[in-house]
file structure_28.tsv (TSV, C-alpha atoms)
chain	number	residue	atom	x	y	z
A	1062	MET	CA	145.45	209.81	29.79
A	1063	ASN	CA	143.73	208.44	26.70
A	1064	ALA	CA	144.07	209.87	23.24
A	1065	ALA	CA	140.50	209.39	22.10
A	1066	THR	CA	141.24	209.51	18.40
A	1067	VAL	CA	144.12	207.02	18.14
A	1068	LYS	CA	143.08	204.15	15.90
A	1069	ASN	CA	146.07	201.80	15.98
A	1070	GLY	CA	145.80	200.84	12.35
A	1071	PRO	CA	143.08	199.17	10.31
A	1072	ALA	CA	140.68	196.58	11.64
A	1073	ARG	CA	141.38	193.03	10.49
A	1074	VAL	CA	138.34	190.92	9.70
A	1075	GLY	CA	138.47	187.21	8.84
A	1076	ILE	CA	136.11	185.45	6.45
A	1077	GLY	CA	136.10	181.66	6.62
A	1078	GLY	CA	133.86	178.85	5.45
A	1079	PRO	CA	133.63	175.78	3.23
A	1080	VAL	CA	134.73	175.66	-0.41
A	1081	GLY	CA	132.21	177.36	-2.68
A	1082	SER	CA	130.09	178.88	0.08
A	1083	GLY	CA	130.58	182.39	-1.31
A	1084	LYS	CA	133.47	183.93	0.61
A	1085	THR	CA	134.99	185.66	-2.42
A	1086	ALA	CA	131.55	186.71	-3.65
A	1087	LEU	CA	130.89	188.23	-0.23
A	1088	ILE	CA	134.12	190.21	-0.47
A	1089	GLU	CA	133.15	191.39	-3.95
A	1090	GLN	CA	130.02	192.84	-2.37
A	1091	LEU	CA	131.70	194.23	0.74
A	1092	ILE	CA	134.38	196.16	-1.16
A	1093	PRO	CA	131.97	198.61	-2.84
A	1094	TYR	CA	129.91	198.80	0.34
A	1095	PHE	CA	132.88	200.10	2.33
A	1096	VAL	CA	134.45	202.12	-0.50
A	1097	ASN	CA	131.14	203.94	-1.00
A	1098	ARG	CA	131.10	205.01	2.65
A	1099	GLY	CA	134.63	206.36	2.32
A	1100	ASN	CA	136.60	203.52	3.90
A	1101	GLU	CA	140.03	202.44	2.64
A	1102	VAL	CA	140.05	198.70	2.10
A	1103	ALA	CA	142.62	196.00	1.30
A	1104	ILE	CA	142.35	192.23	0.96
A	1105	VAL	CA	144.40	189.16	1.85
A	1106	THR	CA	143.31	185.96	0.12
A	1107	ASN	CA	144.34	182.41	0.94
A	1108	ASP	CA	144.41	179.57	-1.55
A	1109	LEU	CA	145.88	176.11	-1.23
A	1110	VAL	CA	148.42	176.15	-4.06
A	1111	THR	CA	147.31	178.97	-6.37
A	1112	LYS	CA	146.49	182.68	-6.28
A	1113	GLU	CA	143.10	182.13	-7.91
A	1114	ASP	CA	140.98	184.21	-5.50
A	1115	ALA	CA	143.51	187.06	-5.47
A	1116	LYS	CA	143.54	187.18	-9.27
A	1117	ARG	CA	139.73	187.20	-9.35
A	1118	LEU	CA	139.64	190.21	-7.01
A	1119	GLN	CA	142.56	191.97	-8.71
A	1120	GLN	CA	140.78	191.67	-12.06
A	1121	SER	CA	137.41	192.70	-10.66
A	1122	GLY	CA	138.10	196.42	-10.95
A	1123	LEU	CA	136.62	196.94	-7.50
A	1124	LEU	CA	139.89	198.24	-6.04
A	1125	ALA	CA	143.50	198.72	-7.09
A	1126	PRO	CA	145.15	195.32	-7.77
A	1127	GLU	CA	148.05	196.09	-5.44
A	1128	ARG	CA	145.57	196.23	-2.56
A	1129	VAL	CA	145.04	192.49	-2.93
A	1130	VAL	CA	147.72	190.18	-1.55
A	1131	ALA	CA	147.71	186.41	-1.92
A	1132	VAL	CA	148.92	183.85	0.60
A	1133	GLU	CA	149.44	180.28	-0.59
A	1134	ALA	CA	148.73	178.06	2.39
A	1135	GLY	CA	150.37	174.99	0.88
A	1136	ALA	CA	148.55	172.91	3.49
A	1137	CYS	CA	145.17	172.71	5.18
A	1138	PRO	CA	143.85	176.30	5.11
A	1139	HIS	CA	143.21	176.46	8.85
A	1140	THR	CA	146.90	176.00	9.57
A	1141	VAL	CA	147.69	179.52	8.36
A	1142	ILE	CA	144.75	181.29	9.99
A	1143	ARG	CA	144.83	179.52	13.34
A	1144	GLU	CA	147.81	177.31	14.25
A	1145	ASP	CA	150.51	179.53	12.75
A	1146	PRO	CA	149.04	182.67	11.16
A	1147	THR	CA	152.46	184.25	10.58
A	1148	LEU	CA	152.14	184.37	6.76
A	1149	ASN	CA	148.82	186.16	7.02
A	1150	ILE	CA	150.00	188.53	9.75
A	1151	GLN	CA	152.97	189.46	7.55
A	1152	ALA	CA	150.67	190.03	4.57
A	1153	ALA	CA	148.39	192.27	6.63
A	1154	ASP	CA	151.39	194.13	8.08
A	1155	ARG	CA	152.70	194.72	4.56
A	1156	LEU	CA	149.37	196.17	3.40
A	1157	GLU	CA	149.23	198.32	6.53
A	1158	HIS	CA	152.71	199.64	5.76
A	1159	ASP	CA	152.08	200.24	2.05
A	1160	PHE	CA	148.65	201.89	2.49
A	1161	GLN	CA	148.83	203.97	5.61
A	1162	ASN	CA	145.24	205.23	5.55
A	1163	LEU	CA	143.64	201.80	5.55
A	1164	ASP	CA	140.51	201.35	7.66
A	1165	LEU	CA	139.88	197.69	7.00
A	1166	ILE	CA	141.73	194.56	5.88
A	1167	LEU	CA	139.54	191.61	4.92
A	1168	ILE	CA	141.34	188.26	5.25
A	1169	GLU	CA	139.73	185.44	3.30
A	1170	SER	CA	140.60	181.92	4.35
A	1171	GLY	CA	140.93	179.13	1.85
A	1172	GLY	CA	137.85	176.93	1.73
A	1173	ASP	CA	137.86	174.56	4.66
A	1174	ASN	CA	135.59	172.39	6.79
A	1175	LEU	CA	133.26	173.29	9.65
A	1176	ALA	CA	136.09	173.04	12.20
A	1177	SER	CA	137.90	176.06	10.78
A	1178	THR	CA	138.41	179.03	13.10
A	1179	PHE	CA	140.61	182.14	13.13
A	1180	SER	CA	143.33	183.03	15.61
A	1181	LEU	CA	142.55	186.31	17.39
A	1182	ASP	CA	146.24	187.16	16.96
A	1183	LEU	CA	145.42	187.49	13.26
A	1184	VAL	CA	141.95	189.04	13.19
A	1185	ASP	CA	139.85	191.29	15.39
A	1186	TYR	CA	136.55	189.87	14.24
A	1187	TRP	CA	135.63	186.95	12.01
A	1188	MET	CA	132.69	185.52	10.18
A	1189	PHE	CA	131.89	182.07	8.87
A	1190	VAL	CA	130.08	181.69	5.55
A	1191	ILE	CA	127.92	178.67	4.77
A	1192	ASP	CA	125.30	178.30	2.04
A	1193	THR	CA	121.92	176.68	1.68
A	1194	SER	CA	123.10	174.12	-0.90
A	1195	GLU	CA	125.30	172.45	1.71
A	1196	GLY	CA	122.12	171.29	3.46
A	1197	ASP	CA	119.91	172.85	6.08
A	1198	ASP	CA	121.36	170.59	8.77
A	1199	ILE	CA	124.73	172.40	8.72
A	1200	PRO	CA	123.99	174.82	11.61
A	1201	ARG	CA	122.86	172.10	14.01
A	1202	LYS	CA	126.03	170.11	13.27
A	1203	ARG	CA	127.73	172.70	15.48
A	1204	GLY	CA	131.15	172.87	13.91
A	1205	PRO	CA	133.52	175.27	15.69
A	1206	GLY	CA	133.26	177.68	12.74
A	1207	ILE	CA	129.48	177.76	13.16
A	1208	VAL	CA	129.53	178.08	16.95
A	1209	GLN	CA	132.53	180.31	17.62
A	1210	SER	CA	132.44	182.86	14.79
A	1211	ASP	CA	131.41	186.40	15.64
A	1212	LEU	CA	128.97	186.41	12.75
A	1213	LEU	CA	127.44	183.51	10.82
A	1214	VAL	CA	126.55	184.26	7.20
A	1215	ILE	CA	124.06	181.96	5.46
A	1216	ASN	CA	124.51	182.63	1.77
A	1217	LYS	CA	122.62	181.66	-1.41
A	1218	VAL	CA	119.21	182.01	0.22
A	1219	ASP	CA	117.77	182.50	-3.29
A	1220	ILE	CA	118.41	178.87	-4.26
A	1221	ALA	CA	117.10	177.34	-1.04
A	1222	PRO	CA	113.78	176.22	-2.62
A	1223	TYR	CA	115.66	174.42	-5.40
A	1224	VAL	CA	118.00	172.49	-3.11
A	1225	GLY	CA	115.38	171.57	-0.53
A	1226	ALA	CA	116.80	173.75	2.24
A	1227	ASP	CA	114.56	175.21	4.94
A	1228	VAL	CA	116.06	178.65	5.63
A	1229	ASP	CA	113.82	179.28	8.64
A	1230	LEU	CA	115.12	176.06	10.19
A	1231	MET	CA	118.72	177.12	9.52
A	1232	VAL	CA	118.07	180.46	11.23
A	1233	LYS	CA	116.34	178.83	14.21
A	1234	GLU	CA	118.98	176.18	14.78
A	1235	GLY	CA	121.85	178.52	13.95
A	1236	THR	CA	120.61	180.96	16.57
A	1237	GLU	CA	120.24	178.17	19.13
A	1238	VAL	CA	123.70	176.66	18.73
A	1239	ARG	CA	125.31	180.12	18.73
A	1240	ASN	CA	123.63	181.24	21.94
A	1241	ASP	CA	121.94	184.13	20.10
A	1242	LYS	CA	125.12	185.51	18.52
A	1243	PRO	CA	124.13	187.17	15.23
A	1244	LEU	CA	123.62	185.58	11.84
A	1245	VAL	CA	122.77	187.18	8.52
A	1246	LEU	CA	121.06	185.81	5.42
A	1247	THR	CA	122.67	186.85	2.14
A	1248	ASN	CA	122.50	186.47	-1.58
A	1249	CYS	CA	125.91	187.64	-2.71
A	1250	LYS	CA	124.84	187.67	-6.36
A	1251	THR	CA	122.32	190.46	-5.73
A	1252	GLY	CA	123.64	192.15	-2.61
A	1253	GLN	CA	120.85	190.99	-0.33
A	1254	GLY	CA	121.98	191.17	3.30
A	1255	ILE	CA	125.32	192.85	2.54
A	1256	SER	CA	124.53	196.09	4.36
A	1257	GLU	CA	123.64	194.05	7.42
A	1258	VAL	CA	127.02	192.26	7.30
A	1259	GLY	CA	128.71	195.64	6.83
A	1260	ASP	CA	126.82	197.11	9.79
A	1261	HIS	CA	128.10	194.34	12.07
A	1262	ILE	CA	131.69	195.10	11.01
A	1263	ILE	CA	131.19	198.84	11.50
A	1264	LYS	CA	129.64	198.43	14.93
A	1265	ASN	CA	132.17	195.94	16.28
A	1266	VAL	CA	135.53	197.00	14.86
A	1267	LEU	CA	135.28	200.21	12.80
A	1268	PHE	CA	133.34	202.07	15.50
A	1269	ASN	CA	131.84	204.68	13.17
B	1488	MET	CA	130.98	205.41	23.04
B	1489	LEU	CA	134.29	205.74	24.86
B	1490	GLN	CA	137.39	204.93	22.81
B	1491	LEU	CA	140.14	203.09	24.65
B	1492	ASN	CA	143.34	202.87	22.66
B	1493	GLU	CA	146.08	201.72	24.99
B	1494	ILE	CA	146.92	199.69	28.05
B	1495	LEU	CA	147.97	202.23	30.64
B	1496	GLY	CA	149.32	199.64	33.05
B	1497	PHE	CA	148.06	196.93	35.35
B	1498	SER	CA	145.98	197.16	38.48
B	1499	HIS	CA	148.81	195.76	40.62
B	1500	ASP	CA	151.33	198.36	39.38
B	1501	SER	CA	152.43	200.41	42.36
B	1502	ASP	CA	151.78	203.75	40.65
B	1503	LEU	CA	148.26	202.76	39.63
B	1504	SER	CA	147.05	200.65	42.52
B	1505	ASN	CA	146.69	203.57	44.94
B	1506	GLN	CA	144.63	205.57	42.47
B	1507	LEU	CA	142.45	202.56	41.74
B	1508	HIS	CA	142.01	201.90	45.43
B	1509	ASP	CA	140.76	205.44	46.03
B	1510	LEU	CA	138.46	205.37	43.02
B	1511	SER	CA	137.05	201.99	44.03
B	1512	HIS	CA	135.93	203.40	47.39
B	1513	ALA	CA	133.95	205.99	45.46
B	1514	GLY	CA	132.47	203.32	43.19
B	1515	LYS	CA	134.30	204.78	40.22
B	1516	VAL	CA	136.12	201.69	38.97
B	1517	GLU	CA	134.32	199.99	36.10
B	1518	TYR	CA	135.14	196.52	34.85
B	1519	ILE	CA	135.11	194.91	31.43
B	1520	TYR	CA	134.69	191.17	31.95
B	1521	LEU	CA	136.30	188.95	29.32
B	1522	ASP	CA	136.67	185.20	29.13
B	1523	HIS	CA	140.00	183.63	28.17
B	1524	ALA	CA	139.21	183.52	24.45
B	1525	ASN	CA	138.12	187.15	24.20
B	1526	LEU	CA	141.11	188.31	26.21
B	1527	GLN	CA	143.13	187.62	23.04
B	1528	ARG	CA	141.34	190.42	21.17
B	1529	ARG	CA	142.93	193.77	20.45
B	1530	ARG	CA	139.96	195.48	18.88
B	1531	PHE	CA	136.41	194.99	20.09
B	1532	ARG	CA	133.27	196.56	21.47
B	1533	ALA	CA	132.47	195.98	25.13
B	1534	THR	CA	130.16	197.26	27.84
B	1535	THR	CA	131.47	197.78	31.38
B	1536	ASP	CA	129.64	196.46	34.42
B	1537	GLN	CA	128.30	199.99	34.90
B	1538	GLY	CA	126.98	200.21	31.35
B	1539	THR	CA	129.63	202.30	29.62
B	1540	ASP	CA	129.86	201.47	25.92
B	1541	CYS	CA	133.55	201.07	25.03
B	1542	ALA	CA	135.40	200.73	21.73
B	1543	VAL	CA	138.73	199.09	22.47
B	1544	SER	CA	141.47	199.42	19.84
B	1545	LEU	CA	144.96	198.42	20.92
B	1546	ALA	CA	148.24	198.41	19.05
B	1547	ARG	CA	149.13	195.00	17.63
B	1548	ASN	CA	152.03	194.64	20.05
B	1549	GLN	CA	149.83	195.12	23.12
B	1550	LYS	CA	148.14	192.19	24.80
B	1551	LEU	CA	145.38	192.30	27.37
B	1552	ALA	CA	145.74	190.53	30.69
B	1553	ASN	CA	143.74	190.27	33.87
B	1554	GLY	CA	143.95	193.72	35.46
B	1555	SER	CA	144.81	195.73	32.35
B	1556	VAL	CA	143.91	199.37	33.00
B	1557	LEU	CA	142.42	200.97	29.89
B	1558	TYR	CA	141.19	204.28	31.28
B	1559	LEU	CA	142.13	206.32	34.28
B	1560	ASN	CA	141.44	209.84	35.46
B	1561	GLU	CA	140.24	211.44	38.68
B	1562	ASP	CA	136.62	210.50	37.96
B	1563	ARG	CA	136.77	207.04	36.55
B	1564	ALA	CA	138.87	203.97	35.84
B	1565	ILE	CA	138.16	201.09	33.47
B	1566	VAL	CA	139.87	197.79	34.19
B	1567	VAL	CA	139.77	194.43	32.39
B	1568	GLN	CA	138.75	191.55	34.58
B	1569	MET	CA	139.19	188.02	33.32
B	1570	ALA	CA	136.11	185.92	33.88
B	1571	GLU	CA	136.87	182.72	35.73
B	1572	ASP	CA	137.48	179.76	33.43
B	1573	GLN	CA	135.11	176.83	33.60
B	1574	TRP	CA	136.74	173.42	33.33
B	1575	LEU	CA	135.56	169.93	32.51
B	1576	SER	CA	137.69	167.56	34.63
B	1577	LEU	CA	138.09	164.02	33.34
B	1578	LYS	CA	139.89	161.11	34.93
B	1579	PRO	CA	140.90	158.34	32.50
B	1580	ASN	CA	140.34	154.87	33.89
B	1581	ASP	CA	143.50	153.35	32.41
B	1582	PHE	CA	146.80	154.31	30.79
B	1583	ALA	CA	145.70	153.67	27.20
B	1584	THR	CA	142.65	155.86	27.66
B	1585	ALA	CA	144.80	158.63	29.08
B	1586	ILE	CA	146.87	158.68	25.90
B	1587	GLU	CA	143.82	158.49	23.67
B	1588	LEU	CA	142.01	161.23	25.58
B	1589	GLY	CA	145.04	163.52	25.32
B	1590	TYR	CA	145.29	162.87	21.59
B	1591	PHE	CA	141.55	163.44	21.16
B	1592	ALA	CA	141.60	166.76	23.03
B	1593	GLY	CA	144.54	167.92	20.93
B	1594	ASN	CA	142.82	166.88	17.75
B	1595	MET	CA	139.78	168.93	18.80
B	1596	HIS	CA	142.06	171.95	19.48
B	1597	TRP	CA	140.75	172.13	23.03
B	1598	ARG	CA	142.68	174.13	25.61
B	1599	VAL	CA	143.69	171.83	28.45
B	1600	LYS	CA	145.73	171.64	31.60
B	1601	PHE	CA	147.06	168.50	33.21
B	1602	GLY	CA	146.28	167.42	36.78
B	1603	LYS	CA	148.12	164.69	38.62
B	1604	ASP	CA	145.72	162.00	37.45
B	1605	HIS	CA	143.22	163.87	35.33
B	1606	LEU	CA	142.81	166.21	32.39
B	1607	ASP	CA	141.06	169.60	32.65
B	1608	ILE	CA	139.42	170.88	29.47
B	1609	ALA	CA	138.56	174.58	29.26
B	1610	LEU	CA	134.90	175.11	28.42
B	1611	GLU	CA	134.98	177.77	25.72
B	1612	SER	CA	131.64	176.70	24.21
B	1613	PRO	CA	128.52	175.28	25.85
B	1614	GLU	CA	129.40	172.23	27.97
B	1615	GLN	CA	127.00	170.01	26.04
B	1616	ILE	CA	129.16	170.33	22.92
B	1617	TYR	CA	132.15	168.84	24.76
B	1618	LEU	CA	130.09	166.07	26.35
B	1619	GLU	CA	128.67	165.06	22.97
B	1620	ARG	CA	132.16	164.81	21.45
B	1621	LEU	CA	133.24	162.64	24.39
B	1622	HIS	CA	130.21	160.35	24.45
B	1623	ASP	CA	132.16	157.27	23.28
B	1624	PHE	CA	134.53	157.62	26.23
B	1625	PHE	CA	131.60	157.97	28.63
B	1626	ASP	CA	129.49	155.22	27.03
B	1627	GLN	CA	132.39	152.78	27.29
B	1628	GLN	CA	133.03	153.93	30.87
B	1629	ARG	CA	136.63	154.76	30.03
B	1630	ILE	CA	136.61	158.16	31.73
B	1631	THR	CA	135.06	159.55	34.88
B	1632	ARG	CA	133.98	163.11	35.34
B	1633	ILE	CA	135.31	164.48	38.61
B	1634	GLY	CA	134.60	167.60	40.67
B	1635	HIS	CA	131.06	167.79	39.35
B	1636	GLU	CA	127.99	167.42	41.56
call {"tool": "encode", "arguments": {"input": "structure_28.tsv", "output": "structure tokens"}}
result
Amino acid sequence: MNAATVKNGPARVGIGGPVGSGKTALIEQLIPYFVNRGNEVAIVTNDLVTKEDAKRLQQSGLLAPERVVAVEAGACPHTVIREDPTLNIQAADRLEHDFQNLDLILIESGGDNLASTFSLDLVDYWMFVIDTSEGDDIPRKRGPGIVQSDLLVINKVDIAPYVGADVDLMVKEGTEVRNDKPLVLTNCKTGQGISEVGDHIIKNVLFN
Amino acid sequence: MLQLNEILGFSHDSDLSNQLHDLSHAGKVEYIYLDHANLQRRRFRATTDQGTDCAVSLARNQKLANGSVLYLNEDRAIVVQMAEDQWLSLKPNDFATAIELGYFAGNMHWRVKFGKDHLDIALESPEQIYLERLHDFFDQQRITRIGHE
């Protein structure tokens, strides 16, 4: 009774986290990672009152500009990824309609606080990006984004020694508060950890 | 990995229940247990209680519920079973606290249900996280936890 090959459209993956933690930089690394393995990718960005992140990705040359759609939240970023994600669902639906062979839509939230989470009506899987410069006490503060995300990404591990952050402590406490759900260390300037992030997406929602 | 791409029906549907009943006697009904939060997903990886690795990918207009049947043939069925919710039951000690507690729970985006004289908060993260957020209420003895030994 089951058609084993039906895919029901592209996977939708959310990327949230505080301002400046490296969400857009992570996407700039993930695009070539997935394109190189033959996946069709599109992006939805969210900014408060501009299209800054969308323009950055459209001008990056990493994928066709029309594959990047901007949503202007106009309010606290979490309102359009959790409370009423209609604008983002419509943006994803539009990409799905315009590019019918898509495998993956990455949906980047606007920068928000540690309480930010995604509605599962909008995304199938979501990650939360923090960075070492925010302080190594961030994981143990147990914000909903830290605790509930499917994957925690700790970015900018390269600058940890210069900002006094203990990465081992962040990993230990992050693992504890997340009940052993996965976390990945990245440096989105060099690509460190990107394949591991990609592998989690492949395993959990691309299935190949 | 078994791909499951549609909801075939529900375990209480008359045309499915007899088949499921027969399969269950042969130990051929497998269950995917999901809590309330994960029941909202349409695309995810899951392992049944008998160890079958499943890749679930539903259409956006389909929504899982307790008893959703995702696979069914003469040899096997796979059914979604909603794990029982755990609740933190709190009784406010006065009217003002009741209002403040309701506001606080809403502000925390907690899922709640209302009892006659108490508030039930769904535990979707470790219980300690909720208790820590509520410590002012407890410290000031403004709420009482009920139904907890």
call {"tool": "closest_residue", "arguments": {"input": "structure_28.tsv", "among": "B:Ala1546, B:Cys1541, B:Ala1524, B:Met1569", "to": "chain A", "atoms": "all atoms listed in the file"}}
result
B:Ala1546
call {"tool": "interface_residues", "arguments": {"input": "structure_28.tsv", "of": "chain A", "to": "chain B", "cutoff": "12 Å", "atoms": "only C-alpha atoms", "output": "PDB file with C-alpha atoms, in the frame of the given file"}}
result
ATOM      1  CA  MET A1062     145.450 209.810  29.790  1.00  0.00           C
ATOM      2  CA  ASN A1063     143.730 208.440  26.700  1.00  0.00           C
ATOM      3  CA  ALA A1064     144.070 209.870  23.240  1.00  0.00           C
ATOM      4  CA  ALA A1065     140.500 209.390  22.100  1.00  0.00           C
ATOM      5  CA  THR A1066     141.240 209.510  18.400  1.00  0.00           C
ATOM      6  CA  VAL A1067     144.120 207.020  18.140  1.00  0.00           C
ATOM      7  CA  LYS A1068     143.080 204.150  15.900  1.00  0.00           C
ATOM      8  CA  ASN A1069     146.070 201.800  15.980  1.00  0.00           C
ATOM      9  CA  GLY A1070     145.800 200.840  12.350  1.00  0.00           C
ATOM     10  CA  PRO A1071     143.080 199.170  10.310  1.00  0.00           C
ATOM     11  CA  ALA A1072     140.680 196.580  11.640  1.00  0.00           C
ATOM     12  CA  ARG A1073     141.380 193.030  10.490  1.00  0.00           C
ATOM     13  CA  VAL A1074     138.340 190.920   9.700  1.00  0.00           C
ATOM     14  CA  HIS A1139     143.210 176.460   8.850  1.00  0.00           C
ATOM     15  CA  THR A1140     146.900 176.000   9.570  1.00  0.00           C
ATOM     16  CA  ARG A1143     144.830 179.520  13.340  1.00  0.00           C
ATOM     17  CA  GLU A1144     147.810 177.310  14.250  1.00  0.00           C
ATOM     18  CA  ILE A1150     150.000 188.530   9.750  1.00  0.00           C
ATOM     19  CA  ALA A1153     148.390 192.270   6.630  1.00  0.00           C
ATOM     20  CA  ASP A1154     151.390 194.130   8.080  1.00  0.00           C
ATOM     21  CA  GLU A1157     149.230 198.320   6.530  1.00  0.00           C
ATOM     22  CA  ALA A1176     136.090 173.040  12.200  1.00  0.00           C
ATOM     23  CA  SER A1177     137.900 176.060  10.780  1.00  0.00           C
ATOM     24  CA  THR A1178     138.410 179.030  13.100  1.00  0.00           C
ATOM     25  CA  PHE A1179     140.610 182.140  13.130  1.00  0.00           C
ATOM     26  CA  SER A1180     143.330 183.030  15.610  1.00  0.00           C
ATOM     27  CA  LEU A1181     142.550 186.310  17.390  1.00  0.00           C
ATOM     28  CA  ASP A1182     146.240 187.160  16.960  1.00  0.00           C
ATOM     29  CA  LEU A1183     145.420 187.490  13.260  1.00  0.00           C
ATOM     30  CA  VAL A1184     141.950 189.040  13.190  1.00  0.00           C
ATOM     31  CA  ASP A1185     139.850 191.290  15.390  1.00  0.00           C
ATOM     32  CA  TYR A1186     136.550 189.870  14.240  1.00  0.00           C
ATOM     33  CA  TRP A1187     135.630 186.950  12.010  1.00  0.00           C
ATOM     34  CA  ARG A1201     122.860 172.100  14.010  1.00  0.00           C
ATOM     35  CA  LYS A1202     126.030 170.110  13.270  1.00  0.00           C
ATOM     36  CA  ARG A1203     127.730 172.700  15.480  1.00  0.00           C
ATOM     37  CA  GLY A1204     131.150 172.870  13.910  1.00  0.00           C
ATOM     38  CA  PRO A1205     133.520 175.270  15.690  1.00  0.00           C
ATOM     39  CA  GLY A1206     133.260 177.680  12.740  1.00  0.00           C
ATOM     40  CA  ILE A1207     129.480 177.760  13.160  1.00  0.00           C
ATOM     41  CA  VAL A1208     129.530 178.080  16.950  1.00  0.00           C
ATOM     42  CA  GLN A1209     132.530 180.310  17.620  1.00  0.00           C
ATOM     43  CA  SER A1210     132.440 182.860  14.790  1.00  0.00           C
ATOM     44  CA  ASP A1211     131.410 186.400  15.640  1.00  0.00           C
ATOM     45  CA  GLU A1237     120.240 178.170  19.130  1.00  0.00           C
ATOM     46  CA  VAL A1238     123.700 176.660  18.730  1.00  0.00           C
ATOM     47  CA  ARG A1239     125.310 180.120  18.730  1.00  0.00           C
ATOM     48  CA  ASN A1240     123.630 181.240  21.940  1.00  0.00           C
ATOM     49  CA  HIS A1261     128.100 194.340  12.070  1.00  0.00           C
ATOM     50  CA  ILE A1262     131.690 195.100  11.010  1.00  0.00           C
ATOM     51  CA  ILE A1263     131.190 198.840  11.500  1.00  0.00           C
ATOM     52  CA  LYS A1264     129.640 198.430  14.930  1.00  0.00           C
ATOM     53  CA  ASN A1265     132.170 195.940  16.280  1.00  0.00           C
ATOM     54  CA  VAL A1266     135.530 197.000  14.860  1.00  0.00           C
ATOM     55  CA  LEU A1267     135.280 200.210  12.800  1.00  0.00           C
ATOM     56  CA  PHE A1268     133.340 202.070  15.500  1.00  0.00           C
ATOM     57  CA  ASN A1269     131.840 204.680  13.170  1.00  0.00           C
TER      58      ASN A1269
END
call {"tool": "atom_distance", "arguments": {"input": "structure_28.tsv", "atom1": "atom CA of Asp1540 of chain B", "atom2": "atom CA of Leu1163 of chain A"}}
result
24.6 Å
call {"tool": "atom_distance", "arguments": {"input": "structure_28.tsv", "atom1": "atom CA of Val1224 of chain A", "atom2": "atom CA of Cys1249 of chain A"}}
result
17.1 Å
call {"tool": "residues_around", "arguments": {"input": "structure_28.tsv", "residues": "Thr1631 of chain B", "least_positions_apart": "2", "cutoff": "10 Å", "atoms": "only C-alpha atoms", "output": "short mmCIF file (atom, residue, chain, number, x, y, z; two decimals) with C-alpha atoms, in the coordinates of the input"}}
result
data_model
loop_
_atom_site.label_atom_id
_atom_site.label_comp_id
_atom_site.auth_asym_id
_atom_site.auth_seq_id
_atom_site.Cartn_x
_atom_site.Cartn_y
_atom_site.Cartn_z
CA SER B 1576 137.69 167.56 34.63
CA LEU B 1577 138.09 164.02 33.34
CA LYS B 1578 139.89 161.11 34.93
CA PRO B 1579 140.90 158.34 32.50
CA ASN B 1580 140.34 154.87 33.89
CA HIS B 1605 143.22 163.87 35.33
CA PHE B 1624 134.53 157.62 26.23
CA PHE B 1625 131.60 157.97 28.63
CA GLN B 1628 133.03 153.93 30.87
CA ARG B 1629 136.63 154.76 30.03
CA ILE B 1633 135.31 164.48 38.61
CA GLY B 1634 134.60 167.60 40.67
#
call {"tool": "closest_residue", "arguments": {"input": "structure_28.tsv", "among": "B:Leu1521, B:Asp1509, B:Arg1598, B:Val1556", "to": "Gly1496 of chain B", "atoms": "only C-alpha atoms"}}
result
B:Val1556
call {"tool": "residues_around", "arguments": {"input": "structure_28.tsv", "residues": "Ala1564 of chain B", "least_positions_apart": "2", "cutoff": "10 Å", "atoms": "all atoms listed in the file", "output": "PyMOL selection string"}}
result
chain B and resi 1506-1507+1510-1511+1514-1518+1556-1562+1566
call {"tool": "atom_distance", "arguments": {"input": "structure_28.tsv", "atom1": "atom CA of His1523 of chain B", "atom2": "atom CA of Gly1077 of chain A"}}
result
22.0 Å
call {"tool": "build_atoms", "arguments": {"input": "structure_28.tsv", "residues": "segment 1537-1545 of chain B", "atoms": "N, CA and C atoms", "output": "PDB file, keeping the file's coordinate frame"}}
result
ATOM      1  N   GLN B1537     129.158 198.849  34.578  1.00  0.00           N
ATOM      2  CA  GLN B1537     128.300 199.990  34.900  1.00  0.00           C
ATOM      3  C   GLN B1537     127.633 200.563  33.652  1.00  0.00           C
ATOM      4  N   GLY B1538     127.747 199.840  32.541  1.00  0.00           N
ATOM      5  CA  GLY B1538     126.980 200.210  31.350  1.00  0.00           C
ATOM      6  C   GLY B1538     127.661 201.139  30.376  1.00  0.00           C
ATOM      7  N   THR B1539     128.935 201.425  30.562  1.00  0.00           N
ATOM      8  CA  THR B1539     129.630 202.300  29.620  1.00  0.00           C
ATOM      9  C   THR B1539     129.986 201.537  28.348  1.00  0.00           C
ATOM     10  N   ASP B1540     129.575 202.089  27.219  1.00  0.00           N
ATOM     11  CA  ASP B1540     129.860 201.470  25.920  1.00  0.00           C
ATOM     12  C   ASP B1540     131.293 201.834  25.517  1.00  0.00           C
ATOM     13  N   CYS B1541     132.134 200.830  25.324  1.00  0.00           N
ATOM     14  CA  CYS B1541     133.550 201.070  25.030  1.00  0.00           C
ATOM     15  C   CYS B1541     133.944 200.485  23.678  1.00  0.00           C
ATOM     16  N   ALA B1542     134.783 201.224  22.956  1.00  0.00           N
ATOM     17  CA  ALA B1542     135.400 200.730  21.730  1.00  0.00           C
ATOM     18  C   ALA B1542     136.884 200.588  22.007  1.00  0.00           C
ATOM     19  N   VAL B1543     137.334 199.351  22.133  1.00  0.00           N
ATOM     20  CA  VAL B1543     138.730 199.090  22.470  1.00  0.00           C
ATOM     21  C   VAL B1543     139.517 198.862  21.183  1.00  0.00           C
ATOM     22  N   SER B1544     140.626 199.573  21.033  1.00  0.00           N
ATOM     23  CA  SER B1544     141.470 199.420  19.840  1.00  0.00           C
ATOM     24  C   SER B1544     142.922 199.563  20.262  1.00  0.00           C
ATOM     25  N   LEU B1545     143.580 198.425  20.426  1.00  0.00           N
ATOM     26  CA  LEU B1545     144.960 198.420  20.920  1.00  0.00           C
ATOM     27  C   LEU B1545     145.949 198.238  19.786  1.00  0.00           C
TER      28      LEU B1545
END
